[in-house]
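Novice: There's a structure below that I have some questions on.
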Amino acid sequence: MLTRSWHFRWLRMASGWSVSAESMRLNEEPLWVEAAQDENRLRRAEQDIRWLRNIGLIGWFVVLQGHGYELGLTPVWAVYAAGVAYGLWAHVQASRTRNIRRTAVVTTFSDPVLAAMICLVTGGIDAVLYPFFYFTQMSVAIRFGVWESIGIAVFNCFLTVAIYFAEPLYAGHPGTATPLLLATKIFLLGFAGFMGAILAEWARRHASLILEHARTLRESGERYQAVLR
């Protein structure tokens with residue numbers, strides 16, 4: 001009887017330790033799982049955006065040709081060549097890099113800078129390619145969150161003001177853009193940034209609900225298996 005009593009006591013202690021260890025593991029595991037899921041989501045978003053960027057660069061070529069920019073050693077085609085090289089780099093990085101967050105941050109700021117350069121050499125804020133700025137803001141909403149969307153909207157407004165003042169210096173004559181046009185562009189960028197922030201918050205909330213539901217189901221199943229053990 002004494003031996004059997006100690007045997008049952010040992011089983012209870014062992015099972016208690018097993019459940020405790022399992023509970024500790026379950027409490028820590030979701031942090032790693034959520035981080036991995038967030039990285040996978042960011043990688044998928046970056047891979048989707050790279051195709052949109054490639055389509056945009058092809059569209060740039062067609063638009064430039066249609067507006068009479070003949071191929072040659074000109075600032076317009078120098079900027080376009082730099083854009084193609086950057087697009088190829090971003091395309092490869094989205095598939096092969098291990099640090100996808102760093103790549104996403106680089107492309108987040110590089111896309112607006114590229115748009116600003118092409119606008120500067122093709123007519124300033126009134127250039128036909130200016131709407132590319134709105135694409136950069138939507139891409140940030142897809143990849144990141146609310147504050148990042150607002151931040152890139154402010155960054156795009158800064159670039160727009162810089163183009164407005166730099167374009168006359170580049171062209172060598174007074175620019176055609178008016179202060180009213182500049183104010184309109186800033187308003188539209190701000191509005192697009194606000195929409196991007198709403199989209200990012202909506203996506204974050206729904207993603208959190210889905211992750212919470214999946215985490216609850218997984219933990220319930222694993223706790224049940226721990227109790228059985």
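FYI, nothing fancy with the structure tokens labels: chains A, B, ... in order, residues from 1 per chain, ligands from 1 as they appear.
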Report as number ranges by chain all protein, DNA and RNA residues lying within 9 Å of Ile198 in chain A, evaluated on only C-alpha atoms, omitting residues in the same chain fewer than 4 positions from it.
Specialist: A: 141, 146, 193-194, 202-203
Novice: Excluding range 76-83 of chain A and its own-chain neighbours fewer than 5 positions away, which residues fall within 10 Å of it when counting only C-alpha atoms? Please give them as a list in words.
Specialist: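 Answer for this query is Arg53, Asn54, Leu57, Trp60, Phe61, Leu64, Tyr69, Glu70, Leu71, Leu88, Trp89, Ser110, Asp111, Leu114, Ala115, Met117, Ile118, Cys119, Leu120, Val121 and Thr122 of chain A.
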Novice: Take the residues from that selection and put them in a file with C-alpha atoms, as a PDB file, in the first residue's frame.
Specialist:
ATOM      1  CA  ARG A  53       5.665  48.097 -59.087  1.00  0.00           C
ATOM      2  CA  ASN A  54       6.809  46.212 -62.192  1.00  0.00           C
ATOM      3  CA  LEU A  57       7.374  50.752 -64.491  1.00  0.00           C
ATOM      4  CA  TRP A  60       5.850  54.587 -67.139  1.00  0.00           C
ATOM      5  CA  PHE A  61       7.629  53.541 -70.344  1.00  0.00           C
ATOM      6  CA  LEU A  64       6.779  58.553 -71.521  1.00  0.00           C
ATOM      7  CA  TYR A  69      10.032  61.565 -74.646  1.00  0.00           C
ATOM      8  CA  GLU A  70      12.305  59.922 -77.192  1.00  0.00           C
ATOM      9  CA  LEU A  71      14.871  57.402 -76.023  1.00  0.00           C
ATOM     10  CA  LEU A  88      14.788  44.534 -60.264  1.00  0.00           C
ATOM     11  CA  TRP A  89      16.561  44.793 -56.912  1.00  0.00           C
ATOM     12  CA  SER A 110      12.343  54.500 -52.116  1.00  0.00           C
ATOM     13  CA  ASP A 111       9.044  54.314 -54.021  1.00  0.00           C
ATOM     14  CA  LEU A 114      11.509  57.511 -57.305  1.00  0.00           C
ATOM     15  CA  ALA A 115       8.090  59.035 -58.004  1.00  0.00           C
ATOM     16  CA  MET A 117      12.391  62.177 -59.303  1.00  0.00           C
ATOM     17  CA  ILE A 118      10.322  61.161 -62.330  1.00  0.00           C
ATOM     18  CA  CYS A 119       7.835  63.962 -61.625  1.00  0.00           C
ATOM     19  CA  LEU A 120      10.634  66.502 -61.305  1.00  0.00           C
ATOM     20  CA  VAL A 121      12.009  65.711 -64.779  1.00  0.00           C
ATOM     21  CA  THR A 122       8.596  65.449 -66.467  1.00  0.00           C
TER      22      THR A 122
END
Novice: Leaving out Thr184 in chain A and any residue of its chain fewer than 4 positions from it, which residues lie within 12 Å of it when counting only C-alpha atoms, given as an NGL selection string?
Specialist: :A and (125-126 or 157 or 160-161 or 177-180 or 188-191)
Novice: Produce a file of the selected residues containing N, CA, C and O atoms, as an mmCIF file, in the first residue's frame.
Specialist:
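Output file selection33.cif follows:
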data_model
loop_
_atom_site.group_PDB
_atom_site.id
_atom_site.type_symbol
_atom_site.label_atom_id
_atom_site.label_comp_id
_atom_site.auth_asym_id
_atom_site.auth_seq_id
_atom_site.Cartn_x
_atom_site.Cartn_y
_atom_site.Cartn_z
ATOM 1 N N ILE A 125 4.763 68.889 -60.099
ATOM 2 C CA ILE A 125 3.601 68.276 -59.449
ATOM 3 C C ILE A 125 2.423 68.156 -60.407
ATOM 4 O O ILE A 125 1.418 67.511 -60.084
ATOM 5 N N ASP A 126 2.537 68.789 -61.561
ATOM 6 C CA ASP A 126 1.491 68.667 -62.582
ATOM 7 C C ASP A 126 1.810 67.568 -63.582
ATOM 8 O O ASP A 126 1.114 67.431 -64.599
ATOM 9 N N CYS A 157 3.904 64.568 -48.772
ATOM 10 C CA CYS A 157 3.623 66.009 -48.799
ATOM 11 C C CYS A 157 4.924 66.811 -48.832
ATOM 12 O O CYS A 157 5.040 67.810 -49.557
ATOM 13 N N THR A 160 6.298 66.597 -52.288
ATOM 14 C CA THR A 160 5.510 67.413 -53.209
ATOM 15 C C THR A 160 5.917 68.880 -53.118
ATOM 16 O O THR A 160 6.078 69.569 -54.141
ATOM 17 N N VAL A 161 6.089 69.378 -51.896
ATOM 18 C CA VAL A 161 6.537 70.763 -51.713
ATOM 19 C C VAL A 161 7.938 70.946 -52.299
ATOM 20 O O VAL A 161 8.233 71.976 -52.940
ATOM 21 N N ALA A 177 2.916 75.285 -62.146
ATOM 22 C CA ALA A 177 2.080 74.924 -61.004
ATOM 23 C C ALA A 177 1.800 76.154 -60.149
ATOM 24 O O ALA A 177 2.673 76.995 -59.936
ATOM 25 N N THR A 178 0.584 76.260 -59.685
ATOM 26 C CA THR A 178 0.164 77.377 -58.844
ATOM 27 C C THR A 178 0.081 76.941 -57.387
ATOM 28 O O THR A 178 0.006 75.738 -57.098
ATOM 29 N N PRO A 179 0.090 77.885 -56.455
ATOM 30 C CA PRO A 179 -0.097 77.515 -55.041
ATOM 31 C C PRO A 179 -1.392 76.763 -54.793
ATOM 32 O O PRO A 179 -1.447 75.899 -53.910
ATOM 33 N N LEU A 180 -2.443 77.097 -55.579
ATOM 34 C CA LEU A 180 -3.708 76.385 -55.428
ATOM 35 C C LEU A 180 -3.553 74.916 -55.814
ATOM 36 O O LEU A 180 -4.097 74.025 -55.142
ATOM 37 N N LEU A 188 -5.164 66.057 -51.325
ATOM 38 C CA LEU A 188 -5.426 64.712 -51.832
ATOM 39 C C LEU A 188 -4.498 63.688 -51.190
ATOM 40 O O LEU A 188 -4.912 62.559 -50.890
ATOM 41 N N LEU A 189 -3.241 64.068 -50.978
ATOM 42 C CA LEU A 189 -2.314 63.158 -50.301
ATOM 43 C C LEU A 189 -2.762 62.899 -48.870
ATOM 44 O O LEU A 189 -2.701 61.765 -48.386
ATOM 45 N N GLY A 190 -3.186 63.961 -48.193
ATOM 46 C CA GLY A 190 -3.677 63.782 -46.829
ATOM 47 C C GLY A 190 -4.924 62.910 -46.782
ATOM 48 O O GLY A 190 -5.061 62.061 -45.894
ATOM 49 N N PHE A 191 -5.813 63.111 -47.743
ATOM 50 C CA PHE A 191 -7.021 62.302 -47.793
ATOM 51 C C PHE A 191 -6.684 60.838 -48.070
ATOM 52 O O PHE A 191 -7.249 59.926 -47.450
#
Novice: If you count only C-alpha atoms, which residues fall within 7 Å of Pro112 in chain A, apart from same-chain ones fewer than 6 positions away, as a list of chain:residue names?
Specialist: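 In the requested format, the answer is A:Phe133, A:Thr136, A:Asn156.
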